[in-house]
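Structure file my_file25.cif (mmCIF, C-alpha atoms and all ligand atoms) is printed below.
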data_upload
#
loop_
_atom_site.label_atom_id
_atom_site.label_comp_id
_atom_site.auth_asym_id
_atom_site.auth_seq_id
_atom_site.Cartn_x
_atom_site.Cartn_y
_atom_site.Cartn_z
CA MET A 276 119.84 92.20 76.59
CA ARG A 277 117.52 95.01 75.45
CA VAL A 278 113.80 94.28 75.86
CA ALA A 279 110.90 96.49 74.83
CA VAL A 280 107.62 96.06 76.72
CA VAL A 281 104.44 97.29 75.04
CA GLY A 282 101.84 98.38 77.61
CA ALA A 283 102.14 99.51 81.23
CA GLY A 284 99.07 97.77 82.58
CA VAL A 285 99.80 95.42 85.50
CA MET A 286 101.18 92.69 83.19
CA GLY A 287 103.62 95.09 81.47
CA CYS A 288 104.69 96.48 84.85
CA ALA A 289 105.22 92.95 86.21
CA ALA A 290 107.15 91.90 83.10
CA ALA A 291 109.42 94.98 83.40
CA TRP A 292 110.08 94.11 87.09
CA ALA A 293 110.87 90.46 86.31
CA LEU A 294 113.06 91.35 83.30
CA ARG A 295 115.07 93.74 85.48
CA GLU A 296 115.45 90.95 88.03
CA ARG A 297 117.20 89.09 85.18
CA GLY A 298 119.42 92.09 84.41
CA ALA A 299 117.76 93.03 81.14
CA ASP A 300 117.77 96.62 79.85
CA VAL A 301 114.04 97.43 79.71
CA THR A 302 112.03 100.13 77.93
CA VAL A 303 108.28 100.25 78.56
CA HIS A 304 106.01 101.95 75.98
CA GLU A 305 102.57 103.06 77.20
CA GLN A 306 100.21 104.89 74.81
CA PHE A 307 98.40 106.74 77.62
CA ASP A 308 99.58 107.85 81.08
CA LEU A 309 100.47 105.37 83.82
CA ASP A 310 97.14 105.64 85.61
CA THR A 311 94.98 105.39 82.51
CA ALA A 312 91.39 104.22 83.06
CA ARG A 313 91.15 103.10 79.42
CA GLY A 314 92.41 99.53 79.96
CA SER A 315 91.98 96.82 82.60
CA SER A 316 94.36 97.62 85.46
CA HIS A 317 93.14 100.89 86.93
CA GLY A 318 91.46 101.40 90.28
CA ARG A 319 92.31 100.86 93.94
CA SER A 320 91.71 97.14 94.52
CA ARG A 321 91.30 93.66 92.99
CA ILE A 322 90.41 90.36 94.60
CA PHE A 323 93.41 88.29 95.61
CA ARG A 324 92.65 84.61 96.34
CA ILE A 325 94.35 81.21 96.35
CA ALA A 326 91.00 79.40 96.24
CA TYR A 327 90.06 78.14 92.75
CA PRO A 328 88.13 75.03 91.69
CA GLU A 329 91.20 73.82 89.71
CA PRO A 330 94.62 72.96 91.22
CA TYR A 331 96.42 74.67 88.27
CA TRP A 332 95.09 78.08 89.34
CA ILE A 333 95.72 77.42 93.02
CA ARG A 334 99.40 76.69 92.30
CA LEU A 335 99.75 79.73 90.05
CA ALA A 336 98.15 81.91 92.78
CA GLN A 337 100.60 80.47 95.33
CA GLU A 338 103.49 81.36 93.00
CA ALA A 339 102.05 84.87 92.65
CA TYR A 340 101.64 85.17 96.44
CA THR A 341 105.40 84.64 96.82
CA GLY A 342 105.98 87.28 94.14
CA TRP A 343 103.73 89.82 95.86
CA ARG A 344 105.64 89.27 99.10
CA ASP A 345 108.96 89.74 97.25
CA LEU A 346 107.68 93.00 95.76
CA GLU A 347 106.38 94.19 99.15
CA ARG A 348 109.84 93.62 100.65
CA ALA A 349 111.61 95.35 97.75
CA SER A 350 109.22 98.33 97.64
CA GLY A 351 108.47 98.65 101.36
CA GLU A 352 104.79 98.93 100.37
CA GLN A 353 101.85 96.88 101.65
CA LEU A 354 100.31 95.47 98.47
CA LEU A 355 98.08 92.69 99.81
CA GLY A 356 95.20 93.17 102.26
CA LEU A 357 94.58 89.65 103.58
CA TYR A 358 91.01 90.08 104.89
CA GLY A 359 90.05 86.58 103.72
CA LEU A 360 87.75 85.28 100.98
CA VAL A 361 84.33 83.66 101.31
CA GLU A 362 82.91 81.57 98.48
CA LEU A 363 79.10 81.42 98.60
CA ALA A 364 77.66 78.54 96.59
CA SER A 365 74.19 77.13 96.04
CA ASP A 366 75.85 73.72 95.83
CA ARG A 367 78.95 72.64 97.78
CA THR A 368 80.38 70.88 94.71
CA LEU A 369 80.78 74.31 93.10
CA THR A 370 83.25 75.42 95.77
CA SER A 371 87.03 75.06 95.64
CA ALA A 372 86.98 72.46 98.45
CA ARG A 373 88.14 69.49 96.34
CA ALA A 374 90.99 71.40 94.66
CA LEU A 375 92.06 72.98 97.97
CA ASP A 376 92.17 69.51 99.54
CA GLU A 377 94.25 68.27 96.61
CA CYS A 378 96.70 71.17 97.10
CA GLY A 379 96.74 70.89 100.90
CA VAL A 380 95.34 74.40 101.39
CA SER A 381 93.26 74.85 104.56
CA TYR A 382 89.76 76.34 104.62
CA ARG A 383 86.72 76.51 106.88
CA LEU A 384 83.00 76.06 106.19
CA LEU A 385 81.01 78.84 107.84
CA ASP A 386 77.45 78.69 109.13
CA ALA A 387 74.82 81.41 108.62
CA ASP A 388 75.65 83.18 111.91
CA GLU A 389 79.35 83.32 111.08
CA VAL A 390 78.59 84.77 107.63
CA ARG A 391 76.20 87.26 109.23
CA SER A 392 78.92 88.35 111.65
CA LEU A 393 80.93 89.32 108.55
CA GLY A 394 78.09 91.64 107.48
CA ALA A 395 76.75 89.30 104.79
CA VAL A 396 73.83 86.91 104.40
CA LEU A 397 74.14 83.19 103.58
CA PRO A 398 71.07 82.13 101.53
CA GLU A 399 69.11 79.15 102.87
CA GLY A 400 70.76 75.85 101.86
CA TRP A 401 73.92 77.48 100.51
CA THR A 402 77.51 76.67 101.46
CA ALA A 403 80.08 79.24 102.64
CA LEU A 404 83.76 78.37 102.34
CA ARG A 405 86.38 80.67 103.84
CA THR A 406 90.10 80.86 103.09
CA GLU A 407 92.57 83.16 104.88
CA ASP A 408 95.38 83.84 102.35
CA ALA A 409 93.06 86.11 100.38
CA GLY A 410 91.41 89.47 100.25
CA VAL A 411 92.64 92.28 98.01
CA VAL A 412 95.66 93.49 96.11
CA PHE A 413 95.96 97.28 96.10
CA ALA A 414 95.94 97.69 92.32
CA ASP A 415 97.27 101.19 91.64
CA ARG A 416 99.88 100.88 94.38
CA ALA A 417 101.01 97.53 92.92
CA ARG A 418 101.53 98.86 89.37
CA HIS A 419 103.66 101.69 90.68
CA ALA A 420 105.64 99.41 93.00
CA PHE A 421 106.58 97.12 90.07
CA LEU A 422 107.88 100.08 88.05
CA ASP A 423 109.58 101.81 91.00
CA VAL A 424 111.47 98.65 91.93
CA ALA A 425 112.21 97.81 88.26
CA GLY A 426 113.68 101.25 87.58
CA ALA A 427 112.95 100.68 83.89
CA ASP A 428 112.83 103.42 81.20
CA VAL A 429 109.08 104.10 81.02
CA ARG A 430 107.78 106.16 78.08
CA THR A 431 104.17 107.32 78.41
CA GLY A 432 102.21 108.79 75.51
CA SER A 433 104.22 106.35 73.37
CA ARG A 434 101.83 104.36 71.16
CA VAL A 435 103.53 101.52 69.26
CA GLU A 436 101.93 101.26 65.83
CA SER A 437 104.05 98.30 64.66
CA LEU A 438 106.44 95.99 66.54
CA ASP A 439 108.94 96.46 63.70
CA GLU A 440 109.56 100.02 64.89
CA LEU A 441 111.01 98.75 68.17
CA ASP A 442 114.82 98.50 68.35
CA ALA A 443 115.21 95.62 70.83
CA ASP A 444 116.54 92.05 71.14
CA ALA A 445 113.09 90.93 72.29
CA VAL A 446 109.63 92.48 72.55
CA VAL A 447 107.04 91.65 75.21
CA VAL A 448 103.50 92.54 74.15
CA THR A 449 101.27 93.10 77.19
CA ALA A 450 98.79 95.32 75.38
CA GLY A 451 95.66 94.02 77.13
CA PRO A 452 92.52 94.54 75.02
CA TRP A 453 94.66 96.03 72.18
CA VAL A 454 96.70 92.85 71.70
CA GLY A 455 94.91 91.99 68.45
CA GLN A 456 96.12 95.25 66.86
CA LEU A 457 99.78 94.28 67.34
CA VAL A 458 99.77 90.46 67.24
CA PRO A 459 97.25 88.83 64.90
CA GLY A 460 95.55 85.58 65.83
CA VAL A 461 95.50 85.84 69.64
CA PRO A 462 92.14 84.14 70.47
CA VAL A 463 90.54 86.76 72.73
CA HIS A 464 87.38 88.85 72.82
CA VAL A 465 86.94 92.18 74.60
CA THR A 466 84.01 93.29 76.75
CA ARG A 467 83.33 96.47 78.72
CA GLU A 468 82.52 95.54 82.32
CA THR A 469 80.71 97.70 84.87
CA LEU A 470 81.40 97.91 88.59
CA ALA A 471 80.06 100.00 91.46
CA TYR A 472 81.17 101.29 94.85
CA PHE A 473 79.07 101.45 98.03
CA HIS A 474 79.53 103.31 101.29
CA ARG A 475 80.44 100.83 104.01
CA GLU A 476 81.75 101.55 107.50
CA GLY A 477 83.90 99.30 109.68
CA PRO A 478 86.94 97.05 109.25
CA PRO A 479 87.65 95.69 105.72
CA PRO A 480 85.33 92.78 104.91
CA PRO A 481 86.50 89.53 103.35
CA SER A 482 86.19 89.41 99.58
CA ILE A 483 83.10 87.48 98.51
CA VAL A 484 82.45 85.51 95.34
CA ASP A 485 79.03 84.08 94.56
CA LEU A 486 79.59 80.82 92.70
CA ASN A 487 77.17 80.50 89.86
CA ALA A 488 75.67 77.07 89.08
CA GLU A 489 75.18 77.91 85.39
CA THR A 490 78.77 78.95 84.66
CA GLY A 491 80.43 76.87 87.37
CA GLY A 492 82.53 80.01 87.96
CA HIS A 493 81.87 83.10 89.97
CA GLY A 494 79.02 85.44 89.14
CA MET A 495 78.64 88.38 91.54
CA TYR A 496 81.62 89.48 93.62
CA SER A 497 82.58 92.08 96.21
CA LEU A 498 85.75 93.29 97.88
CA HIS A 499 87.15 95.99 100.11
CA ASP A 500 87.56 99.48 98.63
CA PRO A 501 89.97 101.77 100.57
CA VAL A 502 87.87 104.89 99.84
CA HIS A 503 84.16 103.93 99.95
CA GLY A 504 84.41 100.63 101.79
CA LEU A 505 82.82 98.18 99.32
CA LYS A 506 83.31 97.49 95.58
CA ALA A 507 81.04 95.04 93.75
CA GLY A 508 80.57 93.71 90.25
CA ALA A 509 79.03 91.08 87.95
CA HIS A 510 81.63 88.81 86.36
CA HIS A 511 81.48 88.55 82.54
CA ALA A 512 78.25 90.60 82.35
CA GLY A 513 79.58 93.26 79.96
CA SER A 514 78.95 93.83 76.22
CA PRO A 515 81.48 93.45 73.38
CA ALA A 516 83.66 96.56 73.10
CA GLU A 517 86.32 98.14 70.91
CA PRO A 518 89.38 99.08 73.04
CA ASP A 519 89.76 102.46 71.32
CA SER A 520 86.12 103.39 71.95
CA ASP A 521 84.97 105.13 75.10
CA GLY A 522 82.13 103.69 77.20
CA ALA A 523 79.97 104.41 80.24
CA PRO A 524 78.75 102.16 83.09
CA ASP A 525 75.81 99.99 81.99
CA GLY A 526 72.72 101.03 83.97
CA ALA A 527 71.15 97.56 83.88
CA ILE A 528 74.31 96.00 85.33
CA VAL A 529 74.51 98.69 88.02
CA ALA A 530 70.89 97.84 88.97
CA ARG A 531 71.78 94.13 89.12
CA ILE A 532 74.82 94.82 91.32
CA SER A 533 72.76 97.08 93.59
CA ALA A 534 70.05 94.41 93.98
CA TRP A 535 72.71 91.86 94.88
CA VAL A 536 74.26 94.20 97.47
CA ARG A 537 70.81 94.81 98.98
CA GLU A 538 70.33 91.02 99.31
CA ARG A 539 73.86 90.06 100.47
CA PHE A 540 74.78 93.06 102.68
CA PRO A 541 71.65 94.23 104.56
CA ASP A 542 73.72 96.79 106.53
CA VAL A 543 75.02 98.52 103.38
CA ASP A 544 73.10 101.26 101.53
CA PRO A 545 72.58 99.69 98.08
CA GLU A 546 72.69 103.11 96.38
CA PRO A 547 76.06 103.25 94.50
CA VAL A 548 78.33 106.20 95.43
CA GLU A 549 80.63 105.73 92.42
CA MET A 550 80.55 103.64 89.20
CA ASP A 551 83.24 102.72 86.69
CA THR A 552 84.00 100.57 83.67
CA CYS A 553 86.97 98.39 82.81
CA LEU A 554 87.81 96.08 79.90
CA TYR A 555 88.02 92.29 80.02
CA THR A 556 90.17 90.49 77.44
CA THR A 557 88.86 86.97 77.55
CA THR A 558 89.91 83.61 76.10
CA ALA A 559 87.38 80.81 75.54
CA ASP A 560 88.44 78.86 78.66
CA GLN A 561 89.67 81.87 80.69
CA SER A 562 93.26 80.59 80.43
CA PHE A 563 96.19 82.95 79.75
CA VAL A 564 98.16 83.31 76.53
CA LEU A 565 101.87 83.32 77.51
CA ASP A 566 103.64 82.54 74.26
CA ARG A 567 106.86 83.25 72.33
CA ARG A 568 106.84 83.74 68.52
CA GLY A 569 110.31 84.53 67.22
CA ASN A 570 111.59 87.45 69.30
CA VAL A 571 108.05 88.49 70.28
CA VAL A 572 106.55 87.31 73.59
CA VAL A 573 102.77 87.66 74.01
CA GLY A 574 101.30 88.09 77.47
CA SER A 575 97.49 88.14 77.47
CA ALA A 576 96.50 87.30 81.05
CA CYS A 577 93.05 88.61 81.87
CA SER A 578 89.61 86.96 81.43
CA GLY A 579 88.61 89.14 84.38
CA HIS A 580 90.81 87.33 86.89
CA GLY A 581 94.42 88.07 85.92
CA PHE A 582 95.57 90.82 88.27
CA LYS A 583 96.27 88.58 91.27
CA PHE A 584 98.65 86.46 89.18
CA ALA A 585 100.76 89.38 87.87
CA PRO A 586 104.07 88.57 89.64
CA ALA A 587 103.93 84.97 88.38
CA VAL A 588 102.89 86.02 84.87
CA GLY A 589 105.63 88.69 84.79
CA ARG A 590 108.30 86.15 85.75
CA ARG A 591 107.07 83.67 83.11
CA LEU A 592 107.12 86.36 80.41
CA ALA A 593 110.65 87.38 81.44
CA GLU A 594 111.74 83.74 81.25
CA LEU A 595 110.29 83.45 77.72
CA ALA A 596 111.87 86.74 76.59
CA THR A 597 115.36 85.94 77.88
CA ALA A 598 115.39 82.26 76.83
C1 LIG B 601 85.92 95.11 86.22
C2 LIG B 601 87.14 94.26 86.40
C3 LIG B 601 87.31 93.59 87.60
C4 LIG B 601 88.42 92.77 87.77
N1 LIG B 601 88.59 92.15 88.98
C5 LIG B 601 89.67 91.38 89.18
C6 LIG B 601 89.90 90.81 90.46
O1 LIG B 601 89.12 91.03 91.40
N2 LIG B 601 91.00 90.02 90.62
C7 LIG B 601 91.90 89.80 89.60
O2 LIG B 601 92.87 89.06 89.82
N3 LIG B 601 91.72 90.35 88.36
C8 LIG B 601 90.64 91.13 88.14
N4 LIG B 601 90.45 91.73 86.93
C9 LIG B 601 91.37 91.42 85.81
C10 LIG B 601 92.61 92.28 85.81
O3 LIG B 601 92.32 93.61 86.15
C11 LIG B 601 93.28 92.15 84.44
O4 LIG B 601 93.54 90.79 84.19
C12 LIG B 601 94.59 92.92 84.31
O5 LIG B 601 94.43 94.22 84.74
C13 LIG B 601 95.08 92.85 82.86
O6 LIG B 601 96.22 93.66 82.77
P1 LIG B 601 96.95 93.90 81.38
O7 LIG B 601 98.24 94.57 81.72
O8 LIG B 601 96.98 92.64 80.59
O9 LIG B 601 95.98 94.86 80.54
P2 LIG B 601 95.79 96.45 80.61
O10 LIG B 601 95.70 96.94 81.99
O11 LIG B 601 94.69 96.78 79.70
O12 LIG B 601 97.17 97.04 80.03
C14 LIG B 601 97.46 97.11 78.66
C15 LIG B 601 98.16 98.45 78.44
O13 LIG B 601 98.74 98.44 77.13
C16 LIG B 601 98.63 99.74 76.59
N5 LIG B 601 98.74 99.61 75.14
C17 LIG B 601 97.90 98.88 74.34
N6 LIG B 601 98.28 98.99 73.05
C18 LIG B 601 99.39 99.79 73.04
C19 LIG B 601 100.27 100.29 72.00
N7 LIG B 601 100.03 99.97 70.73
N8 LIG B 601 101.29 101.09 72.35
C20 LIG B 601 101.52 101.41 73.67
N9 LIG B 601 100.73 101.00 74.69
C21 LIG B 601 99.69 100.18 74.38
C22 LIG B 601 97.25 100.19 77.07
O14 LIG B 601 97.11 101.59 77.00
C23 LIG B 601 97.18 99.63 78.48
O15 LIG B 601 97.60 100.56 79.45
C24 LIG B 601 89.37 92.58 86.72
C25 LIG B 601 89.22 93.29 85.52
C26 LIG B 601 88.13 94.13 85.35
C27 LIG B 601 87.99 94.83 84.05
#

Represent the supplied structure as structure tokens.
Ligand SMILES: Cc1cc2nc3c(=O)[nH]c(=O)nc-3n(C[C@H](O)[C@H](O)[C@H](O)COP(=O)(O)OP(=O)(O)OC[C@H]3O[C@@H](n4cnc5c(N)ncnc54)[C@H](O)[C@@H]3O)c2cc1C
Amino acid sequence: MRVAVVGAGVMGCAAAWALRERGADVTVHEQFDLDTARGSSHGRSRIFRIAYPEPYWIRLAQEAYTGWRDLERASGEQLLGLYGLVELASDRTLTSARALDECGVSYRLLDADEVRSLGAVLPEGWTALRTEDAGVVFADRARHAFLDVAGADVRTGSRVESLDELDADAVVVTAGPWVGQLVPGVPVHVTRETLAYFHREGPPPPSIVDLNAETGGHGMYSLHDPVHGLKAGAHHAGSPAEPDSDGAPDGAIVARISAWVRERFPDVDPEPVEMDTCLYTTTADQSFVLDRRGNVVVGSACSGHGFKFAPAVGRRLAELATA
């Protein structure tokens, strides 16, 4: 079976890997180069976690965990850095405790001294919940490992203007923020998000997500960065953006991230040493669009939390494409 994949972000790379697992003949079309910073998958690290307030996401993360381990074995690369995850919440009911209990996943509640020993501060009256099967996925290494193991025909600088131009039995569209240009009616909106890096010494810290009472989801977050030590960001803080337009880090968001780092990590210099932007492609309820329409399969799996799920998303897209 001949399958064309549009887009070599992490979802296109994962789809190519999973399609090759099924013996398909795969061609990947990427409009830019493989390490483009124009989309959503660039950079050195992303948070990997099993902990989510809903069992659906916990089970999908567990499926992805197995996939990451499979890819590590096949590529010989370390792709996960399991330094742990700590949820900090003003109210315990915001944490993933109930869903983790339902899924039989173990966790520990930490006190202020334990959080402080991790280099962070637990605000008065807050709850800290730690899980172990979590930390980071090494993003750029992961994208390359998918493609190296897949051994697919990857064409960079190959922008697909219309799906009709593709000579294939099936087409998988993993075009990230550009999905609307190729497949009308996919219910997403695009924002340009800002993140910052901070100089931090010492062993990799656990990833941290501040659970936000207003949204019920996570607000500020931080994770290990292999170069500077700490990466931090504000979830869903960005402004609407056109994928083909360029954009710079938002100064007001950088200031907000810096203030949060000053408060949460008193041992870290809150002056950013590097800043970057990245695009979110978000659905109303942050769910993923994994859908087949004729011989076209759409994979829109972002909403700012998709990377960790890539092996599971890739395998589901391959299943849809070869059905
Ligand atoms: C700031 C930020 C922080 C994040 N943090 C986390 C995190 O901690 N944990 C986590 O799990 N997830 C996180 N995410 C989400 C995760 O990075 C995304 O869900 C994931 O990268 C989406 O990948 P994608 O392949 O769908 O999109 P993209 O990476 O955007 O890939 C789409 C590709 O398609 C190409 N393309 C588009 N149109 C065409 C065309 N017509 N022809 C050819 N090529 C085309 C583009 O050039 C692009 O390379 C974060 C995202 C951002 C922005």

Task: Nearest-residue call for ligand LIG 601 (chain B), choices A:Pro480, A:Gly460, A:Pro545, A:Gly432, using all atoms listed in the file - done: A:Gly432

Given 5 Å on each side, where is the centre and what are the edge lengths in Å to one decimal of the axis-aligned box enclosing the listed atoms of ligand LIG 601 (chain B), as lines of an AutoDock Vina configuration file?
center_x = 93.7
center_y = 95.3
center_z = 81.1
size_x = 25.6
size_y = 22.5
size_z = 30.7

TODO: Write out as an NGL selection string each polymer residue whose atoms come within 7 Å of Phe323 (chain A), counting all atoms listed in the file; drop sequence neighbours fewer than 5 positions from it.
DONE: :A and (409-412 or 583)

Task: Residue contacts of Ile322 (chain A) (12 Å, all atoms listed in the file) excluding same-chain residues fewer than 4 positions away, as a ChimeraX atom specification - done: /A:318,326,336,354-361,408-414,480-484,496-500,505-508,579-584

Task: Cut-off 6 Å, only C-alpha atoms and all ligand atoms, neighbours of ligand LIG 601 (chain B) as a PyMOL selection string - done: chain A and resi 281-287+304-307+314-316+321-323+433-436+449-453+468-470+553-555+575-577+579-583

Task: Pick from A:Thr558, A:Ser520, A:Gln456, A:Thr402, whichever lies nearest to Ser365 (chain A) using all atoms listed in the file - done: A:Thr402

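Between CA of Arg567 (chain A) and CA of Arg324 (chain A) there is a distance of 27.9 Å.
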
Open item on the list: Need the shell around region 379-381 of chain A: protein/DNA/RNA residues with any atom at most 12 Å away, counting only C-alpha atoms. Skip same-chain ones fewer than 2 positions apart. Format as number ranges by chain?
Closed with: A: 324-327, 330, 333-334, 336-337, 371-377, 383-384, 404-409

Open item on the list: Please determine, counting only C-alpha atoms, which residue among A:Ala364, A:Leu346, A:Ala395, A:Met276 has the shortest atom-to-atom distance to Pro541 (chain A).
Closed with: A:Ala395

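The residue that comes closest to Tyr472 (chain A), out of A:Gly504, A:Gly351, A:Gly494, A:Pro518 and on the basis of only C-alpha atoms, is A:Gly504.
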
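All protein, DNA and RNA residues at most 7 Å from (108.1, 87.2, 72.5) are Ala445, Val446, Val447, Asp566, Arg567, Arg568, Gly569, Asn570, Val571, Val572, Val573, Leu595 and Ala596 of chain A, using only C-alpha atoms.
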
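The space separating CA of Glu347 (chain A) from CA of Arg418 (chain A) comes to 11.9 Å.
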
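Distances to Tyr331 (chain A) were evaluated for A:Ser562, A:Glu594, A:Val465, A:Arg348 using all atoms listed in the file, and the minimum falls at A:Ser562.
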
Open item on the list: Using all atoms listed in the file, can you tell me which of A:Arg344, A:Arg319, A:Arg475, A:Arg297 comes closest to Asp542 (chain A)?
Closed with: A:Arg475

Open item on the list: Can you tell me which residues surround Asp388 (chain A) at a distance of at most 9 Å, considering only C-alpha atoms, apart from same-chain residues fewer than 5 positions away, and format the answer as a PyMOL selection string?
Closed with: chain A and resi 393+396-397

Residue completion, region 372-397 of chain A, N, CA and C atoms, as a PDB file, in the frame of the given file:
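Below is the file that was written, rebuild-v6.pdb:
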ATOM      1  N   ALA A 372      86.583  73.410  97.397  1.00  0.00           N
ATOM      2  CA  ALA A 372      86.980  72.460  98.450  1.00  0.00           C
ATOM      3  C   ALA A 372      87.843  71.314  97.916  1.00  0.00           C
ATOM      4  N   ARG A 373      87.411  70.661  96.846  1.00  0.00           N
ATOM      5  CA  ARG A 373      88.140  69.490  96.340  1.00  0.00           C
ATOM      6  C   ARG A 373      89.550  69.878  95.894  1.00  0.00           C
ATOM      7  N   ALA A 374      89.664  70.982  95.156  1.00  0.00           N
ATOM      8  CA  ALA A 374      90.990  71.400  94.660  1.00  0.00           C
ATOM      9  C   ALA A 374      91.875  71.856  95.822  1.00  0.00           C
ATOM     10  N   LEU A 375      91.279  72.540  96.805  1.00  0.00           N
ATOM     11  CA  LEU A 375      92.060  72.980  97.970  1.00  0.00           C
ATOM     12  C   LEU A 375      92.576  71.768  98.735  1.00  0.00           C
ATOM     13  N   ASP A 376      91.727  70.749  98.871  1.00  0.00           N
ATOM     14  CA  ASP A 376      92.170  69.510  99.540  1.00  0.00           C
ATOM     15  C   ASP A 376      93.347  68.908  98.778  1.00  0.00           C
ATOM     16  N   GLU A 377      93.202  68.861  97.457  1.00  0.00           N
ATOM     17  CA  GLU A 377      94.250  68.270  96.610  1.00  0.00           C
ATOM     18  C   GLU A 377      95.569  69.029  96.765  1.00  0.00           C
ATOM     19  N   CYS A 378      95.485  70.342  96.992  1.00  0.00           N
ATOM     20  CA  CYS A 378      96.700  71.170  97.100  1.00  0.00           C
ATOM     21  C   CYS A 378      97.115  71.403  98.553  1.00  0.00           C
ATOM     22  N   GLY A 379      96.371  70.775  99.482  1.00  0.00           N
ATOM     23  CA  GLY A 379      96.740  70.890 100.900  1.00  0.00           C
ATOM     24  C   GLY A 379      96.574  72.294 101.453  1.00  0.00           C
ATOM     25  N   VAL A 380      95.593  73.035 100.910  1.00  0.00           N
ATOM     26  CA  VAL A 380      95.340  74.400 101.390  1.00  0.00           C
ATOM     27  C   VAL A 380      94.168  74.361 102.372  1.00  0.00           C
ATOM     28  N   SER A 381      94.326  74.943 103.547  1.00  0.00           N
ATOM     29  CA  SER A 381      93.260  74.850 104.560  1.00  0.00           C
ATOM     30  C   SER A 381      92.136  75.841 104.291  1.00  0.00           C
ATOM     31  N   TYR A 382      90.948  75.488 104.747  1.00  0.00           N
ATOM     32  CA  TYR A 382      89.760  76.340 104.620  1.00  0.00           C
ATOM     33  C   TYR A 382      88.777  75.952 105.718  1.00  0.00           C
ATOM     34  N   ARG A 383      87.759  76.790 105.875  1.00  0.00           N
ATOM     35  CA  ARG A 383      86.720  76.510 106.880  1.00  0.00           C
ATOM     36  C   ARG A 383      85.342  76.688 106.241  1.00  0.00           C
ATOM     37  N   LEU A 384      84.391  75.841 106.608  1.00  0.00           N
ATOM     38  CA  LEU A 384      83.000  76.060 106.190  1.00  0.00           C
ATOM     39  C   LEU A 384      82.335  76.890 107.271  1.00  0.00           C
ATOM     40  N   LEU A 385      81.648  77.945 106.875  1.00  0.00           N
ATOM     41  CA  LEU A 385      81.010  78.840 107.840  1.00  0.00           C
ATOM     42  C   LEU A 385      79.514  78.569 107.885  1.00  0.00           C
ATOM     43  N   ASP A 386      78.914  78.797 109.074  1.00  0.00           N
ATOM     44  CA  ASP A 386      77.450  78.690 109.130  1.00  0.00           C
ATOM     45  C   ASP A 386      76.848  80.085 108.956  1.00  0.00           C
ATOM     46  N   ALA A 387      75.513  80.143 108.924  1.00  0.00           N
ATOM     47  CA  ALA A 387      74.820  81.410 108.620  1.00  0.00           C
ATOM     48  C   ALA A 387      75.174  82.514 109.620  1.00  0.00           C
ATOM     49  N   ASP A 388      75.320  82.162 110.895  1.00  0.00           N
ATOM     50  CA  ASP A 388      75.650  83.180 111.910  1.00  0.00           C
ATOM     51  C   ASP A 388      77.053  83.736 111.686  1.00  0.00           C
ATOM     52  N   GLU A 389      77.970  82.865 111.328  1.00  0.00           N
ATOM     53  CA  GLU A 389      79.350  83.320 111.080  1.00  0.00           C
ATOM     54  C   GLU A 389      79.394  84.255 109.864  1.00  0.00           C
ATOM     55  N   VAL A 390      78.629  83.895 108.819  1.00  0.00           N
ATOM     56  CA  VAL A 390      78.590  84.770 107.630  1.00  0.00           C
ATOM     57  C   VAL A 390      77.938  86.102 107.994  1.00  0.00           C
ATOM     58  N   ARG A 391      76.895  86.032 108.827  1.00  0.00           N
ATOM     59  CA  ARG A 391      76.200  87.260 109.230  1.00  0.00           C
ATOM     60  C   ARG A 391      77.117  88.167 110.053  1.00  0.00           C
ATOM     61  N   SER A 392      78.002  87.553 110.828  1.00  0.00           N
ATOM     62  CA  SER A 392      78.920  88.350 111.650  1.00  0.00           C
ATOM     63  C   SER A 392      79.957  89.075 110.773  1.00  0.00           C
ATOM     64  N   LEU A 393      80.033  88.649 109.502  1.00  0.00           N
ATOM     65  CA  LEU A 393      80.930  89.320 108.550  1.00  0.00           C
ATOM     66  C   LEU A 393      80.181  90.410 107.779  1.00  0.00           C
ATOM     67  N   GLY A 394      78.871  90.581 108.134  1.00  0.00           N
ATOM     68  CA  GLY A 394      78.090  91.640 107.480  1.00  0.00           C
ATOM     69  C   GLY A 394      77.349  91.157 106.242  1.00  0.00           C
ATOM     70  N   ALA A 395      77.415  89.839 105.990  1.00  0.00           N
ATOM     71  CA  ALA A 395      76.750  89.300 104.790  1.00  0.00           C
ATOM     72  C   ALA A 395      75.670  88.299 105.175  1.00  0.00           C
ATOM     73  N   VAL A 396      74.908  87.873 104.183  1.00  0.00           N
ATOM     74  CA  VAL A 396      73.830  86.910 104.400  1.00  0.00           C
ATOM     75  C   VAL A 396      74.101  85.642 103.598  1.00  0.00           C
ATOM     76  N   LEU A 397      73.986  84.474 104.263  1.00  0.00           N
ATOM     77  CA  LEU A 397      74.140  83.190 103.580  1.00  0.00           C
ATOM     78  C   LEU A 397      72.743  82.698 103.207  1.00  0.00           C
TER      79      LEU A 397
END
